[in-house]
Structures are given as structure tokens and as C-alpha cells.
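Accompanying notes for the structure given below.
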Amino acid sequence: MKTLDNPERSQPISRSASSNYVRLSREGNGRIVLLCVLVLVAIVGVAIVVMLPEVSKAPPNPEPATQPDTQTADVPSTEEELEAETFDVAEKLLEAFPISADALNLMANVHNQYDKTKEAAKWWRESIKWAPGRVNAHRGLAMIAMKEGDYGKAAGIWERIRKGNPKHPDANGRYGEAMLEMGKPEEAVEPLEKEVRISPKNADYHFLLGRAHLQLGQYAKAVECYMKAYEISPSDSRTCYGLSAAYARLGQPGKAAEMRKKFQALRSEENASVSERRRTTFNREWTIQTLTRTLTGAGIVYRRNRKFKKAENHWLRAAVLDPKTRICRHELAALYVQQGRKDKAVEICRQLQKAHPKVADYHKRAGLLHEELKQWDLAEAALKKALELAPDDEKTREAYRRVRERR
Amino acid sequence: MTSHNGQNRRIIRTVVLGVVVLTGVVGAEITRCPIQFRNVTAQTGIKFKHFDGHSGRRYIMEPMSAGVAILDYDSDGDMDIYFLNGAPFKGDKAAASPKNALYRNDGKLKFTDVTQKAGVGDTGYGLGVAVGDYDNDGYPDIYVNNYGPNVLYRNNGDGTFANVTAKAGVSAGRQVGAGANFLDIDADGDLDLFVANYVVFSEERLVAHKVSGYPIYPGPMDYPPTANTLYRNEGDGTFKDITAESGIGEHKGKGMGTVCADYDNDGDTDIIVANDEWANFLFENDGKGKFKEVGLTAGLAYDLDGKAQSSMGFACGDYNNDGRLDLHATSYQQELATLYKNSDGGFFDDVTRVTKAGSGTLSYVTWGNGFADFDNDGDRDIFIACGHIQPNVEKFDDIGSYNARNIVMMNTGKGEFTNVSAQCGDGLAVKLPSRGAALGDMDNDGDMDAVIVNSRREPTILRNDSAGGNHWIQIRLRGVKSNRDGVGARVKVVSGDLTQVEEVHSGQGYQSHYGMRLHFGLGKLDKIDRVEVRWIGGGTDVLKNVRVDQILKITEASSKAKQ
């Protein structure tokens, strides 16, 4: 089974970078980081879903099914308790694996999310000592430098990474971003052009390249890049704003007005969303998500170190905290399949079906597991739903036909 | 022999070291930052201390603190200071009854508290201030924008003021005030009044937030937006609320600092409002007092990426000497203080990054701001006051700091700025939670000093001790047909190949007032070829061959100057 790189790849946003968090500090670069995180999480999620049926190298003696203990059942009532638990998870992981770069990275991530940037930097530097070649810690240090406005330092870090691996996704793009922040759009173009070739589906880099051209007065090129970003992510208000500015300067007032209108609509939605969340449970929501991510990441580190029971408990805990969270459930399902505990795996798939009813893949995976368990009615129903959502999926169609025949 | 060699080596080493040290010292002297500020607060005699009414309930206006005004209230030729103060909230008591304070400038940066005698010690919760001669009697009046009823003080011309709020009809109800400005919206020769409002607030509705267990102040998105207010001067000592009919009332925002300036150079005065976490407003004047909000199309509503910043203050000035007024906005931590270049009178471009004007501002919450040529070299630098809103921020955020150094961005003259705060002398080493700032020549020595309000603390008075040698001129206008202060008039100073423009503003930066006396640095140019004044209403005065290094008074329609 391929190792998942969740703690390695996902850079959870910090409280300050998560923009709307009660006026500690605002969106700034956080929105870019947030987009990046969402894309990475999606990629990791898809990767896990794809791997679900791959039952390979299952642990020899599957441990008995774990019942949720009191820890997994309780959801702390206060944000402080949630925060304390988050740090506790990271600390216990580090106690278990004191020289593991994964554990050190996770500890750094937790500190960074809570704006403890000095501590975060300390843990990332420690991580570099044990695994100097891994990018995650360098990325973290670059992120802190950006937050502190030390763009030169951030650029230096990304420059080293891209020199070491010119095709590293993000390295050219983040270097280009640092150049933009340093007021050097002419020097940002080349790395950003490289990045959009490496990561063509990342709207953020097309957007940044558009920004570089806009600042250089190359408005037609700016429109071209912003349009690519817009095609990938049409609901990003920044792109619409950039397009309206570029069109206006190109002397195309009609198109500029059209993009302004789209921009205003998106901004209104964002404002309404922020206001509503502020009034209700935004703090708690953010804190729960942070703990969920930490538990998920810690679980992955335990699993990599063959502490399957520990891993399972962490993922179960994350699943209790957030009924919709996916990655911990992907991990759980994969683990259960590996261990031959298909009934538990199908239970997790059903949770995913319920939480995300429009994702065809979850219905499909559930259907395939039900089929293996010879639960024909349930298998047929799940596969039928998957087919409704993704009628062109041949594998689902074939499974559906097979199940109906078996009945 | 060996011993001799060793001794020689030591001597040589000492000499070399001496030369290196000396070179370093000389080098340091040579490269000394041209802008130098000295913290002279302790010597000024100013005893004012800001009070924000904090009682633990964390009302949103507490950390907003206040602006400050500099004005020549007694017409003696030097700048006095009017400090705003907070007040206890409902049910609370303060140890000493806090009130606004007026300090008379006795010269040489010595001040005397004349609040009592002048009768301007308002005990309301002061947030914003503007100064203007609304009754055209030759004496500057003061408008205070409070949380709660606002106050208009008419200057009696004898060192005292009268509270004429009720008669004038400008109390504006019980709103959370912000910036305020006098401006002549319809070129009728008297000053109208723009009053910014922050959010819809009620003391009864507490908003409690915590971070890592630490209580923090709420933000503007916790409250609904509100409209600003516009009053028309009726010319008889009263004002009429024309918020709705002027078009101003159609737009709700979260107003903070404001400035009124002719951004499109069409001869009338427009209104610019910094909104907190909301699109900034640019109200374009049709010349008759009707306004259209054009912030988005003009590129001023948002930053480069279309993000609504937590804009705090707006300052106005022509940083690149292209004849168009540019704007500078301060903002929150993790946002850059933003420089908007006026590209062609219709569009603003966010040039913060390419000009380096935002350098060093990302980690700070930034407030009071202003353009001023601190080193008199012929281009305008930028002053930025800094300080976080959360007094306990260091407990949960490694980057934020409640007490912060203020920032000076030095204009290189080549379209870029350099953050020279660390090289500016002890004045910029002060670390306090700064808010409003006002820039002016407080000691009449030809360079621009600074007065800064600090939340819950004493103010900071910075004396400009930049190296002399550069020439300058300061210009004070006196309107005859147009308003007496010349508010809204534009002045062009031409000296050789250096052309600079400036405008008279009432109210600017972060809820503050300064700039009735215009200042131009001239570098080594020792003669001014031409001074041109375009008054609101269209009249123009031109003076030729004007002497440098003086405070020049120009009276409208006389084309004569009292040099």
C-alpha cells in the first residue's frame, strides 16, 4: 500500500491565516494557503479512495474491532479543552517517536496553527536535523517567514528547494509568490510560468502569474492567466477582481463590468458567510477542525510505524469530532480492508455515503464492499446510486450487472 | 626578534583595527538616515493620558481609541494640539473624569493645558475629530465625532469655544463615530460636514470571543454596517442632514478614517472612507453636492487581490510628483498598509509591493498615517502609527505586538520607499499602542513633526531633527469667496524642474486632523518660480518668484502674498 503523505503534504492553515478568525489577523496570504490546503486535502482524499480496495500487506493478526472508548465518545465543550487535546495529541506522538520527522512536523504544525510561530520554527528546525531532505519543514519555515513579512527569507528557502528539485510542485510557485511580495513581478514570471507547467490544475499559480503580468502592465497576458485560474476555480473572487482590473485597463469596459458583477456577487456571499459564522460557532468550528486534522495526521504516523490500534483510535476520535471529515474515514476504511474487517470498512463507507451523498465514489466503494460481504440488496442499492451519479463509470456498471446477476 | 615581530604585529593590528573602526564611524555618519526624529514628549509639558473606558466587557470601540487634531486655535502662528479621550461606559466610573484636552503651543514645543479656559473638555467618548472654520469668522472650529452625541465647538476668537451642537443640529444621534471632515461640497463658500460612522452597536449586546482561553475584542464583522452622515451648511449657523438626498446614505459600511480630496482633479471635493473589513468608499462629487460611490470601478475599494482590507486610516498626497493625489490606507495585521497610486485620475493602482511602501507593515496593526516630506528633499515620505488592538496578543500570537514601533517609509525619489524606522533616531524607537497621528511643523522650524495618540497611554511628540540644508516653504490659505480656511483648494509649487501639488484637507489619516498649513520640501532649490492656488469654486491665484524657507500666507483673489 502506498504511504499517504498527509502530515507531509497538508499544511494546515494557522488561526491567523484562516482569515475570519475573530480579527486576530486577516486573510492576507492565508487565503492562498487555504486554497492550497484544500487542493492538497482533495488530492490526498482522492488518492485514498482510489486505494480503498487495494487489500495488500494486511497486518498478520488483525486486532479485535475497537469500540469507541470514552475518549472517542466525548466532544469537549470548550475551545480551550479542544486546544489542549490538540497539543496533547502532538506531544504524545512525539513522546512515542521522538526523532521522527513526521512527529516533529506535526508538532510544528500544531504550534503554527495556534500562531506559536517561534515554537513551530523550533520544531521544524529540529525536524530538518533528522530529515534534512524532506520539504515539509522547509515549507513550514518559509510559511512563517511569509507571515512575518520576511519575503527574502521565504524566497531563499524556496530557491533552495527548487534548485534541489526543479520539478517540485509548489517550489517554483511559492518562490514566484515571494518575488511578487518583494515587489519584483518581473522576477516572478519565470518561476510562476514553470509552476503552471508543473501544476496546471492549481488555480492559485495561474492567479499569481496573472497578478505578475498585471503589475507589469501586460494586461492581455494577465487576462490570459486569470482566465485559466477562473476556469479552474470560478468561485474565487480574487480572480474575478483581477480580470475586471485587467479588462478595464485593456479598454474593454463591458467585460470589466461583467467581471466586477461576478466579483461583487462572490464578495457578498463571502461577507454573509463570515458574518454568520462569526455570530455562531466559528471559533469552535475552527478548533474542532484543527484537532481533527491533528488526530488524522497523528494516526497516519502511528500507522506508518505499525501502531495500528493507536492509529485506529486516533481516526475514530477524529470521526467522532467531525461527522463529515473524510481523510480519517478514508484511513479507517483502508485499515479495515487491510485487516479483513470488511464489516467495519463498510460501516465507514456508509458514514461517508451519508455525509457526502453526491460523491459517487463512496457509493461505489460501499457497493463493492457489500458485494464482497454478499450483502446483495445493499450492494445493489449502493451501486445503483453510484451509477446515477456517475453513469459513465464502467467499473461500477460492471459491478452493478454482476450483483444483479448474483441475486 | 620574535618578540619585536609580535609587538609590531600587535601595533599593525591595532592601527588597522583603528582605521577600520574609524572608517565604520565615518561611514555610519555618512550613511546616517536623512530623517531623524527625537522623542521630546517628556519635555513638552503635556500630561494627557488616553482612557478607553475598558471595563472587561470589551466593547469594540475601546481599542479603536481616537484621533488627534493639530490646529492654531488662537491664531498666534503655531500649532496647538487637541486630544480626544474616551469615557466610562454605562454603569462604570472612572477614577478621574476623563475629557478631551486642548494644549496651547507656547513655542519651542512647550505646551500648556488650556482645556478648562477654552471650554473644549468634552466628556463624551471621543473617536474622531475635524477642524474647520464653518462660520467663516477666521477662527478654526472643532467637531468631535463620539460614540454617543457628537459635539461642535465654535471658536469665539478669544481663546474660548462655545458648544453650539444643538443649534447647529449636528449631534448625529447615538452612533459609534469615526472620522469627520469639513468640506465644501457645493462650492457655495461655506464648509459642510461629513461624519463617518463605524457599526451598529449596543452596549446591551455583548460579543465575547476567546483565543486559547484568552478573551479578545470582537471585530467589525460581529456587527451590522451603518451609513455615514452628510450635513449641508445652511450659512446661518445651522446644518441640514442631507445624507439621503446626497446619495451618501445609500451605502452602508464600517467607516473609520476619512479624507476629502479632489481625486479626479475636476475642481470639486470627493469623499474617501476607510471601511473596516469592508469595501472602502469613494464618493465622487458631481460638483453640486450629489455623490456617487465609485470605489470599486476606481480600484480603491479593495486591495490588489480584491480583498476588503481592515482599512483604518486614509492619507492623501502626491508621492510621485505627477500632479495627481495618491492615497495611503492603513490596515490590520497580516495585511500591508496599502499605497494606491492615482494612475490617471480615474483609476487607482495598488502599488504597495512594487513601490515597497508596505515593507515592514505586515506584522502590525497600522493606524494613523500621513504623507509628509520629512527631510525636505522634494518628495513625500509616509508616517505610519502601529499597535495591536488586543492588549494580550503576545499571549497567543508570536507575531503580533500590542506595543509597537511606528514606521517611517522614506521616499527614494525614484518611485520607491525604504523602511527607515530603525535608523530614524530615538523617536521611532518608542514602542506603544499607537492610534491617531497628526503631522505638522509644531516648532515652526520648517520641518514636519508628529503628534501620536497612544491607547491607554500618554501621547508621543516627535520633533523632526533631520539634517538641515534643504529648503522648504509652508503655505497657509485664506479664502475670501471660498471658505476661509481654503479647505479643498489645491496648491501647485514649481521650482525649477520640481513641481509639487498639495491640497488643504480638514480631517484625514486615522480619525485625525492636520494639514491646514501646507508644507513643501524643496531640496537644494533656493527659489520658487511659481505658486499657483486653485480655489474651490474655480478662482486661481498665481505668485511668481517666491522666497523659500518661509511660511507664506495667500489670500484669495489678491494674488498677493504676505511673505
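In the C-alpha cells, each chain is lettered A, B, ... as it comes, each chain's residues begin at 1, and ligands are numbered from 1 in order of appearance.
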Any idea which chain B residues end up within 6 Å of chain A if we count only C-alpha atoms, as a list in words please?
->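 The complete set of qualifying residues is Ser212, Gly213, Gly219, Met221, Asp305, Gly306, Gln333, Gln334, Glu335, Arg353, Val354, Leu362, Ser363, Asp397 and Asp398 of chain B.
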For the residues in the current selection, export N, CA and C atoms as an mmCIF file, in the first residue's frame.
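Output file again_18.cif follows:
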data_model
loop_
_atom_site.group_PDB
_atom_site.id
_atom_site.type_symbol
_atom_site.label_atom_id
_atom_site.label_comp_id
_atom_site.auth_asym_id
_atom_site.auth_seq_id
_atom_site.Cartn_x
_atom_site.Cartn_y
_atom_site.Cartn_z
ATOM 1 N N SER B 212 -7.439 30.743 22.575
ATOM 2 C CA SER B 212 -6.618 29.957 23.505
ATOM 3 C C SER B 212 -6.979 30.274 24.948
ATOM 4 N N GLY B 213 -8.225 30.526 25.188
ATOM 5 C CA GLY B 213 -8.669 30.810 26.548
ATOM 6 C C GLY B 213 -8.559 32.274 26.939
ATOM 7 N N GLY B 219 -14.650 41.934 16.384
ATOM 8 C CA GLY B 219 -14.277 42.644 15.166
ATOM 9 C C GLY B 219 -15.486 43.262 14.501
ATOM 10 N N MET B 221 -16.993 42.557 11.850
ATOM 11 C CA MET B 221 -17.948 41.640 11.239
ATOM 12 C C MET B 221 -18.905 41.054 12.276
ATOM 13 N N ASP B 305 -5.668 42.230 -4.697
ATOM 14 C CA ASP B 305 -6.301 40.936 -4.948
ATOM 15 C C ASP B 305 -7.811 40.960 -4.749
ATOM 16 N N GLY B 306 -8.372 42.132 -4.638
ATOM 17 C CA GLY B 306 -9.823 42.196 -4.453
ATOM 18 C C GLY B 306 -10.243 41.875 -3.034
ATOM 19 N N GLN B 333 -3.146 43.523 11.028
ATOM 20 C CA GLN B 333 -2.020 42.583 10.978
ATOM 21 C C GLN B 333 -2.271 41.557 9.875
ATOM 22 N N GLN B 334 -1.224 41.145 9.215
ATOM 23 C CA GLN B 334 -1.290 40.235 8.068
ATOM 24 C C GLN B 334 -1.924 40.889 6.840
ATOM 25 N N GLU B 335 -2.008 42.209 6.882
ATOM 26 C CA GLU B 335 -2.342 42.982 5.684
ATOM 27 C C GLU B 335 -1.267 44.059 5.573
ATOM 28 N N ARG B 353 3.409 46.820 -3.282
ATOM 29 C CA ARG B 353 4.558 45.921 -3.375
ATOM 30 C C ARG B 353 5.630 46.488 -4.302
ATOM 31 N N VAL B 354 5.227 46.956 -5.448
ATOM 32 C CA VAL B 354 6.248 47.418 -6.395
ATOM 33 C C VAL B 354 6.955 48.685 -5.910
ATOM 34 N N LEU B 362 3.500 44.276 7.558
ATOM 35 C CA LEU B 362 2.640 43.088 7.603
ATOM 36 C C LEU B 362 2.366 42.592 9.024
ATOM 37 N N SER B 363 3.342 42.722 9.887
ATOM 38 C CA SER B 363 3.198 42.168 11.239
ATOM 39 C C SER B 363 2.396 43.074 12.171
ATOM 40 N N ASP B 397 -0.166 34.933 20.135
ATOM 41 C CA ASP B 397 0.286 35.149 18.762
ATOM 42 C C ASP B 397 1.728 35.647 18.816
ATOM 43 N N ASP B 398 2.633 34.861 18.308
ATOM 44 C CA ASP B 398 4.060 35.219 18.392
ATOM 45 C C ASP B 398 4.412 36.421 17.521
#
Considering only C-alpha atoms, return as an MDAnalysis selection string whatever protein or nucleic-acid residues lie within 7 Å of Pro98 (chain B), sequence-local ones (same chain, fewer than 4 positions apart) excluded.
-> chainID B and resid 51 85:87 123
Using N, CA and C atoms, can you write the selected residues to a file as a short mmCIF file (atom, residue, chain, number, x, y, z; two decimals), in the first residue's frame?
data_model
loop_
_atom_site.label_atom_id
_atom_site.label_comp_id
_atom_site.auth_asym_id
_atom_site.auth_seq_id
_atom_site.Cartn_x
_atom_site.Cartn_y
_atom_site.Cartn_z
N PHE B 51 -7.74 57.44 27.83
CA PHE B 51 -8.54 56.46 28.60
C PHE B 51 -9.56 55.86 27.64
N ASN B 85 -10.48 61.97 24.12
CA ASN B 85 -10.38 60.96 25.16
C ASN B 85 -11.63 60.08 25.17
N GLY B 86 -11.49 58.89 25.74
CA GLY B 86 -12.64 58.01 25.89
C GLY B 86 -13.43 58.39 27.14
N ALA B 87 -14.31 57.52 27.52
CA ALA B 87 -15.18 57.80 28.67
C ALA B 87 -15.62 56.48 29.28
N THR B 123 -16.70 65.40 27.60
CA THR B 123 -16.53 64.15 28.35
C THR B 123 -17.18 62.96 27.63
#
Best match for closeness to Gln309 (chain B) among B:Asp141, B:Asp236, B:Asp268, B:Glu277, counting only C-alpha atoms =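 With only C-alpha atoms as the atom set, the closest residue is B:Glu277.
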Find the residues near Ala422 (chain B): any atom within 9 Å, counting only C-alpha atoms, skip ones fewer than 3 places away on the same chain, and give them as JSON, numbers by chain.
-> {"B": [405, 407, 408, 419, 425, 426, 428, 429]}
One-decimal distance in Å that lies between CA of Gly446 (chain B) and CA of Thr499 (chain B) =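 Going from CA of Thr499 (chain B) over to CA of Gly446 (chain B), I get 18.8 Å.
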When you draw a straight line from CA of Met448 (chain B) to CA of Trp472 (chain B), how long is it in Å?
-> 10.6 Å
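Within 7 Å of Ile551 (chain B), once only C-alpha atoms are used and residues closer than 2 positions along the same chain are dropped, the contacting residues are Ile473, Gln474, Ile475 and Lys553 of chain B.
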Have a look at B:Ser482, B:Val491, B:Leu127, B:Ile35 and name the one nearest to Phe383 (chain B); count only C-alpha atoms.
-> B:Ile35
Find the residues near region 157-172 of chain A: any atom within 10 Å, counting only C-alpha atoms, skip ones fewer than 3 places away on the same chain, and give them as an MDAnalysis selection string.
-> chainID A and resid 36 133:135 138:143 145 151:154 175:178 188 190:199 202 205
Next, dump the selected residues to file, keeping only N, CA and C atoms, as a tab-separated table (two decimals), in the first residue's frame.
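Ended up saving to part_7.tsv:
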chain	number	residue	atom	x	y	z
A	36	CYS	N	-4.51	26.23	-1.19
A	36	CYS	CA	-3.50	25.20	-1.38
A	36	CYS	C	-3.83	23.97	-0.54
A	133	GLY	N	16.35	16.38	3.99
A	133	GLY	CA	15.90	16.40	2.60
A	133	GLY	C	14.40	16.56	2.44
A	134	ARG	N	13.67	16.43	3.53
A	134	ARG	CA	12.21	16.49	3.40
A	134	ARG	C	11.74	17.94	3.33
A	135	VAL	N	10.82	18.15	2.46
A	135	VAL	CA	10.44	19.54	2.14
A	135	VAL	C	9.53	20.16	3.18
A	138	HIS	N	10.91	22.68	5.65
A	138	HIS	CA	11.38	23.88	4.94
A	138	HIS	C	10.19	24.74	4.52
A	139	ARG	N	9.16	24.05	4.05
A	139	ARG	CA	7.93	24.74	3.65
A	139	ARG	C	7.34	25.51	4.85
A	140	GLY	N	7.36	24.84	6.00
A	140	GLY	CA	6.84	25.48	7.21
A	140	GLY	C	7.62	26.72	7.57
A	141	LEU	N	8.94	26.63	7.50
A	141	LEU	CA	9.77	27.79	7.81
A	141	LEU	C	9.54	28.92	6.81
A	142	ALA	N	9.34	28.54	5.56
A	142	ALA	CA	9.05	29.56	4.54
A	142	ALA	C	7.71	30.24	4.83
A	143	MET	N	6.76	29.43	5.27
A	143	MET	CA	5.44	29.97	5.56
A	143	MET	C	5.51	30.99	6.70
A	145	ALA	N	8.15	32.72	7.54
A	145	ALA	CA	8.84	33.91	7.02
A	145	ALA	C	7.86	34.79	6.26
A	151	TYR	N	10.00	38.25	3.21
A	151	TYR	CA	9.85	37.56	1.93
A	151	TYR	C	11.19	37.09	1.36
A	152	GLY	N	12.24	37.83	1.67
A	152	GLY	CA	13.56	37.44	1.19
A	152	GLY	C	13.96	36.07	1.76
A	153	LYS	N	13.66	35.88	3.03
A	153	LYS	CA	13.99	34.60	3.66
A	153	LYS	C	13.16	33.48	3.03
A	154	ALA	N	11.87	33.74	2.85
A	154	ALA	CA	10.98	32.74	2.24
A	154	ALA	C	11.48	32.39	0.83
A	175	TYR	N	8.17	30.40	-4.71
A	175	TYR	CA	9.28	31.33	-4.94
A	175	TYR	C	8.78	32.55	-5.72
A	176	GLY	N	7.98	32.28	-6.74
A	176	GLY	CA	7.40	33.37	-7.52
A	176	GLY	C	6.52	34.26	-6.67
A	177	GLU	N	5.77	33.64	-5.78
A	177	GLU	CA	4.89	34.43	-4.90
A	177	GLU	C	5.73	35.36	-4.01
A	178	ALA	N	6.83	34.80	-3.48
A	178	ALA	CA	7.70	35.63	-2.63
A	178	ALA	C	8.27	36.80	-3.43
A	188	ALA	N	9.16	37.30	-10.93
A	188	ALA	CA	8.18	36.28	-10.53
A	188	ALA	C	7.67	35.49	-11.74
A	190	GLU	N	9.05	34.05	-14.47
A	190	GLU	CA	9.70	32.80	-14.90
A	190	GLU	C	9.36	31.63	-13.97
A	191	PRO	N	9.54	31.77	-12.65
A	191	PRO	CA	9.18	30.63	-11.79
A	191	PRO	C	7.68	30.30	-11.84
A	192	LEU	N	6.86	31.31	-11.96
A	192	LEU	CA	5.42	31.02	-12.00
A	192	LEU	C	5.03	30.32	-13.30
A	193	GLU	N	5.69	30.71	-14.39
A	193	GLU	CA	5.43	30.01	-15.65
A	193	GLU	C	5.83	28.54	-15.54
A	194	LYS	N	6.97	28.31	-14.87
A	194	LYS	CA	7.40	26.92	-14.65
A	194	LYS	C	6.36	26.18	-13.81
A	195	GLU	N	5.89	26.87	-12.78
A	195	GLU	CA	4.96	26.21	-11.85
A	195	GLU	C	3.66	25.83	-12.55
A	196	VAL	N	3.14	26.70	-13.40
A	196	VAL	CA	1.87	26.36	-14.05
A	196	VAL	C	2.03	25.20	-15.03
A	197	ARG	N	3.28	24.99	-15.47
A	197	ARG	CA	3.51	23.79	-16.30
A	197	ARG	C	3.54	22.54	-15.40
A	198	ILE	N	4.13	22.71	-14.20
A	198	ILE	CA	4.22	21.57	-13.27
A	198	ILE	C	2.86	21.27	-12.63
A	199	SER	N	2.16	22.33	-12.26
A	199	SER	CA	0.87	22.17	-11.55
A	199	SER	C	-0.25	22.87	-12.34
A	202	ASN	N	-3.61	23.87	-10.67
A	202	ASN	CA	-3.64	24.70	-9.47
A	202	ASN	C	-3.98	26.14	-9.86
A	205	TYR	N	-1.69	29.35	-8.86
A	205	TYR	CA	-0.50	29.78	-9.58
A	205	TYR	C	-0.84	30.53	-10.86
